[in-house]
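Trainee: Before anything else, here's the structure in question.
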Amino acid sequence: EGQLEDPVTGEPATWMTFVISYWGEQIGQKIRKITDCFHCHVFPYLEQEEARFRTLQQLQQQSQELQEVLGETDRFLSQVLGRVQQLLPPWQVQIHKMKAVYLTLNQCSVNTTHKCLIAEVWCAARDLPTVQQALQSGSVSIQAARGLLPPCLSSFYFQSLLKLPLLWD
């Protein structure tokens with residue numbers, strides 16, 4: 001009918017069919033052991049043609065049912081992968097945000113006396129009012145939700161004590 005492929009690896013496979021005729025139970029047991037070692041499917045040869053025809057029909061029906069199951073599985077997996085493909089960009093954004101939050105929290109110091117995190121950051125002096133406003137507006141919403149203490153902002157102003165010569169003068 002066409003090229004068969006190995007269901008495990010997906011590579012093209014050549015399948016062999018052969019008929020073994022034997023007399024005696026001992027040789028039959030040896031043949032069954034050999035076919036078991038090679039994971040062969042063994043079908044007895046029936047004397048009546050009707051029985052052989054029924055066996056052939058059963059095998060064809062099983063093959064058709066397996067093809068239907070494989071088709072349904074492929075369709076289901078395609079739907080799952082399509083859904084994951086849609087959800088992947090938002091998940092990636094969420095993961096990047098979470099990583100940024102954890103990176104920032106890992107840079108904070110823990111003060112066990114006051115049970116708080118201390119974050120030491122640098123910002124330009126002109127941006128201090130903006131930072132204070134952001135902390136206050138954020139703390140209002142957090143206090144309403146959890147009843148926490150408001151954050152405090154201590155600022156230190158440093159003036160440059162060293163006058164470094166400009167290299168391009």
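Chains: A, B, ... in order of the structure tokens. Residues: from 1 per chain. Ligands: from 1, in order shown.
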List the neighbours of Leu4 (chain A) out to 7 Å using only C-alpha atoms; skip same-chain residues closer than 2 positions along the sequence, and give me the result as a PyMOL selection string.

Mentor: chain A and resi 2+6+12-14

Trainee: Residues of region 7-137 of chain A in strand (DSSP E or B) according to DSSP, as JSON, numbers by chain?

Mentor: {"A": [12, 13, 109, 110, 111, 116, 117, 118]}

Trainee: Please produce a file of the residues just selected, as a short mmCIF file (atom, residue, chain, number, x, y, z; two decimals), in the first residue's frame, where the atoms kept are C-alpha atoms.

Mentor:
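Final output, again05.cif:
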```
data_model
loop_
_atom_site.label_atom_id
_atom_site.label_comp_id
_atom_site.auth_asym_id
_atom_site.auth_seq_id
_atom_site.Cartn_x
_atom_site.Cartn_y
_atom_site.Cartn_z
CA PRO A 12 10.61 4.53 7.48
CA ALA A 13 10.47 0.86 8.33
CA SER A 109 18.62 43.42 53.13
CA VAL A 110 16.46 41.85 55.83
CA ASN A 111 16.04 43.75 59.06
CA CYS A 116 11.17 44.65 57.08
CA LEU A 117 13.22 44.68 53.91
CA ILE A 118 15.71 47.45 53.34
#
```

Trainee: List as a list in words the protein and nucleic acid residues near Pro44 (chain A), meaning an atom at most 10 Å away when only C-alpha atoms are counted, but skip any in the same chain fewer than 2 places from it.

Mentor: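 In the requested form, the answer reads Val19, Ile20, Ser21, Val42, Leu46, Glu47, Arg52 and Thr55 of chain A.
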
Trainee: Could you write out that same residue set with N, CA, C and O atoms as a compact mmCIF listing (two decimals), in the first residue's frame?

Mentor:
```txt
# COMPACT_ATOMS: atom_id res chain seq x y z
N VAL A 19 5.62 -16.97 6.44
CA VAL A 19 4.79 -18.09 6.88
C VAL A 19 5.72 -19.21 7.32
O VAL A 19 6.67 -19.57 6.61
N ILE A 20 5.45 -19.75 8.49
CA ILE A 20 6.23 -20.88 9.01
C ILE A 20 5.26 -22.05 9.16
O ILE A 20 4.25 -21.93 9.84
N SER A 21 5.62 -23.12 8.57
CA SER A 21 4.82 -24.34 8.68
C SER A 21 5.65 -25.37 9.43
O SER A 21 6.81 -25.58 9.11
N VAL A 42 2.16 -13.20 15.92
CA VAL A 42 1.95 -14.54 15.38
C VAL A 42 0.46 -14.77 15.21
O VAL A 42 -0.32 -14.55 16.14
N LEU A 46 -5.45 -20.89 9.86
CA LEU A 46 -6.66 -21.70 10.07
C LEU A 46 -6.97 -22.49 8.81
O LEU A 46 -6.75 -22.03 7.69
N GLU A 47 -7.50 -23.66 9.01
CA GLU A 47 -7.77 -24.56 7.88
C GLU A 47 -8.95 -24.08 7.03
O GLU A 47 -8.90 -24.18 5.81
N ARG A 52 -10.23 -17.94 8.14
CA ARG A 52 -9.13 -17.06 7.71
C ARG A 52 -9.68 -15.70 7.29
O ARG A 52 -9.10 -14.66 7.61
N THR A 55 -10.61 -13.73 10.39
CA THR A 55 -9.40 -13.24 11.05
C THR A 55 -8.85 -12.03 10.30
O THR A 55 -8.45 -11.03 10.92
```

Trainee: Taking into account only C-alpha atoms, which residue in the set A:Pro7, A:Gly82, A:Gly24, A:Pro129 is nearest to Leu70 (chain A)?

Mentor: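 Selected residue with least distance to Leu70 (chain A): A:Pro7.
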
Trainee: How many Å separate CA of Val8 (chain A) from CA of His39 (chain A)?

Mentor: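 Straight-line distance from CA of Val8 (chain A) to CA of His39 (chain A) works out to 14.0 Å.
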
Trainee: Find the distance between CA of Leu105 (chain A) and CA of Gly138 (chain A) and write it in Å to one decimal.

Mentor: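 Distance reported for this atom pair: 16.3 Å.
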
Trainee: Quote the spacing between CA of Val121 (chain A) and CA of Ala134 (chain A) in Å to one decimal place.

Mentor: 14.5 Å
